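Source file: target-v2.cif. Holds: mmCIF, C-alpha atoms.
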```cif
data_final
#
loop_
_atom_site.label_atom_id
_atom_site.label_comp_id
_atom_site.auth_asym_id
_atom_site.auth_seq_id
_atom_site.Cartn_x
_atom_site.Cartn_y
_atom_site.Cartn_z
CA MET A 1 -9.06 -1.33 -42.30
CA ALA A 2 -6.35 1.16 -41.35
CA LEU A 3 -5.31 1.96 -37.81
CA SER A 4 -4.57 5.48 -36.77
CA PRO A 5 -0.98 5.89 -35.51
CA PHE A 6 -2.33 7.81 -32.50
CA LEU A 7 -4.08 4.68 -31.22
CA LEU A 8 -0.72 2.97 -30.87
CA LEU A 9 0.92 5.65 -28.72
CA PRO A 10 0.90 5.07 -24.94
CA THR A 11 -0.84 7.76 -22.99
CA LEU A 12 0.00 9.03 -19.55
CA SER A 13 -2.98 10.09 -17.50
CA TYR A 14 -3.36 11.14 -13.89
CA ALA A 15 -6.56 11.06 -11.91
CA LEU A 16 -7.71 14.45 -10.77
CA LEU A 17 -7.15 13.63 -7.10
CA GLU A 18 -6.78 10.20 -5.51
CA LEU A 19 -5.76 8.92 -2.10
CA SER A 20 -3.28 6.11 -1.62
CA ASN A 21 -4.90 2.67 -1.34
CA THR A 22 -3.44 2.48 2.18
CA LEU A 23 -5.89 5.19 3.34
CA GLY A 24 -9.62 4.79 3.76
CA ASP A 25 -12.77 5.54 5.72
CA GLY A 26 -12.83 4.22 9.29
CA MET A 27 -9.05 3.99 9.65
CA VAL A 28 -7.03 4.67 12.81
CA LEU A 29 -4.07 7.04 12.58
CA GLN A 30 -1.25 7.25 15.12
CA ARG A 31 -1.94 9.68 17.95
CA ALA A 32 0.30 12.48 19.24
CA PRO A 33 3.18 13.03 19.68
CA TYR A 34 3.52 11.63 16.13
CA SER A 35 2.21 13.23 12.94
CA ALA A 36 0.26 11.20 10.40
CA LEU A 37 1.45 11.41 6.79
CA LEU A 38 -1.34 11.23 4.21
CA TRP A 39 -0.59 10.95 0.52
CA GLY A 40 -2.07 10.35 -2.88
CA PHE A 41 -1.91 11.04 -6.58
CA GLY A 42 -2.85 13.93 -8.83
CA SER A 43 -1.83 16.01 -11.81
CA PRO A 44 1.69 17.44 -11.45
CA GLY A 45 1.79 21.09 -10.40
CA VAL A 46 -1.70 21.11 -8.86
CA ALA A 47 -2.00 22.33 -5.25
CA VAL A 48 -3.78 20.14 -2.67
CA VAL A 49 -5.24 21.55 0.56
CA ALA A 50 -6.36 19.35 3.46
CA SER A 51 -8.98 20.49 5.99
CA PHE A 52 -9.05 18.85 9.38
CA ASP A 53 -10.64 19.84 12.72
CA GLY A 54 -11.96 23.09 11.27
CA GLN A 55 -8.63 24.31 9.95
CA SER A 56 -7.07 24.28 6.51
CA LEU A 57 -3.52 23.03 6.40
CA PRO A 58 -0.89 24.68 4.16
CA PRO A 59 -1.20 23.63 0.51
CA GLU A 60 1.12 21.00 -0.95
CA THR A 61 1.96 20.81 -4.65
CA VAL A 62 1.72 17.55 -6.58
CA ALA A 63 5.27 16.61 -7.60
CA SER A 64 6.36 15.81 -11.15
CA ASP A 65 5.89 12.08 -10.41
CA GLY A 66 2.20 12.72 -9.63
CA ILE A 67 2.47 12.18 -5.84
CA TRP A 68 1.45 14.64 -3.10
CA ARG A 69 2.04 14.34 0.67
CA ILE A 70 0.42 16.19 3.57
CA ARG A 71 1.46 15.81 7.21
CA LEU A 72 -1.31 16.32 9.78
CA PRO A 73 -0.53 18.10 13.04
CA PRO A 74 0.00 15.77 16.04
CA THR A 75 -3.47 14.87 17.31
CA GLU A 76 -4.36 13.42 20.71
CA ALA A 77 -6.23 10.12 20.94
CA ARG A 78 -9.98 10.51 20.75
CA SER A 79 -13.05 8.33 20.69
CA SER A 80 -15.07 10.54 18.34
CA PRO A 81 -14.32 10.20 14.62
CA SER A 82 -13.12 13.04 12.41
CA ASN A 83 -13.43 13.77 8.72
CA ILE A 84 -10.49 14.90 6.63
CA SER A 85 -11.16 16.59 3.29
CA PHE A 86 -8.77 17.22 0.42
CA VAL A 87 -9.42 19.82 -2.29
CA SER A 88 -7.20 20.51 -5.28
CA THR A 89 -6.89 23.61 -7.44
CA ASP A 90 -8.17 21.61 -10.43
CA GLY A 91 -11.55 21.40 -8.65
CA SER A 92 -11.52 17.79 -7.49
CA ASN A 93 -12.00 16.70 -3.89
CA VAL A 94 -11.82 13.61 -1.70
CA LEU A 95 -13.20 12.99 1.79
CA LEU A 96 -11.96 10.54 4.44
CA ARG A 97 -14.80 9.74 6.85
CA ASP A 98 -14.77 8.46 10.44
CA VAL A 99 -11.02 8.69 11.05
CA LEU A 100 -9.87 7.97 14.62
CA PHE A 101 -6.57 8.76 16.33
CA GLY A 102 -5.05 6.32 18.78
CA ASP A 103 -2.76 3.31 19.00
CA VAL A 104 -2.96 0.19 16.88
CA TYR A 105 -1.36 -3.01 18.15
CA LEU A 106 -0.49 -5.80 15.76
CA CYS A 107 0.39 -9.12 17.35
CA SER A 108 1.70 -12.11 15.56
CA GLY A 109 3.07 -15.44 16.59
CA GLN A 110 2.50 -19.11 16.59
CA SER A 111 0.44 -21.48 18.65
CA ASN A 112 2.11 -20.31 21.85
CA MET A 113 0.37 -16.90 21.72
CA GLN A 114 -2.75 -16.27 23.75
CA TYR A 115 -5.39 -13.66 23.09
CA LEU A 116 -5.72 -11.19 25.95
CA SER A 117 -8.94 -9.28 26.03
CA LEU A 118 -8.75 -5.52 26.35
CA ILE A 119 -10.58 -5.75 29.66
CA HIS A 120 -7.68 -7.70 31.16
CA ILE A 121 -5.12 -5.34 29.71
CA SER A 122 -6.85 -2.17 30.89
CA GLU A 123 -7.74 -3.35 34.41
CA PRO A 124 -5.05 -4.25 36.94
CA THR A 125 -5.14 -7.70 38.44
CA ARG A 126 -6.76 -7.70 41.87
CA ARG A 127 -5.54 -10.01 44.53
CA THR A 128 -8.06 -11.59 46.80
CA PRO A 129 -7.13 -12.24 50.43
#
```
Is it possible to give me this structure as C-alpha cells?
Amino acid sequence: MALSPFLLLPTLSYALLELSNTLGDGMVLQRAPYSALLWGFGSPGVAVVASFDGQSLPPETVASDGIWRIRLPPTEARSSPSNISFVSTDGSNVLLRDVLFGDVYLCSGQSNMQYLSLIHISEPTRRTP
C-alpha cells in the first residue's frame, strides 16, 4: 500500500469567520466611556463588517496572521440586550446575541471576605433614631 506524498504535507486552513473564544452570547461588555474590542479569526485579506445598534461599522481586513479586530463605539450602560452581527466578504457571518453593556466586578480573597448583596451596595445605610 503506497501513501500519497500529499497526505504527509501539513495544511494551513482558516475558518471562514470565527469569534475569539473569549466572546459569546449573553456577555457583558464595558460601558462608556470605554470602547469594547471584539476580535476573531478569518481568511487573510477578507473584510469583516460589524453591525450594531442599527449601524454598520467601518470594515476591518483580516491580517496575514488570520486575526481581525473591530472596536465598538463607546456605549452607555443599558438593561436591554443588543445583538452584534459580523459579516465577511467571503459570505460567512456570525451573530452575538443578548450582549449587555455595563460594569463587571470581580472580587477575590480569602476567608476574610464577605459577600455584600447588591441591595446593600445600591442603597445607602439608613440610621434609625
I want to know what sits within 6 Å of segment 63-68 of chain A, based on only C-alpha atoms, with residues of the same chain fewer than 4 positions away left out; could you give that as a VMD selection string?
chain A and resid 39 to 44
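By only C-alpha atoms, and with residues fewer than 2 positions from Ala50 of chain A along its chain excluded, the set lying at most 8 Å from it is Val48, Phe52, Ser56, Leu57, Pro58, Pro59, Ile70, Ile84, Ser85, Phe86 and Val87 of chain A.
Here the PyMOL selection byres ((chain A and resi 76) around 7) captures the residues Arg31, Ala32, Pro74, Thr75, Ala77, Arg78 and Phe101 of chain A.
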Which residues match the PyMOL selection byres ((chain A and resi 16) around 9) in the file above, as an NGL selection string?
:A and (14-15 or 17-18 or 41-43 or 88 or 90-93)
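With distances restricted to all atoms listed in the file, A:Val28 is the closest residue to Val99 of chain A from A:Val46, A:Val28, A:Thr22, A:Thr61.
Straight-line separation from atom CA of Gly24 of chain A to atom CA of Leu100 of chain A: 11.3 Å.
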Atom pair atom CA of Gly45 of chain A / atom CA of Val62 of chain A: separation (Å)
5.2 Å
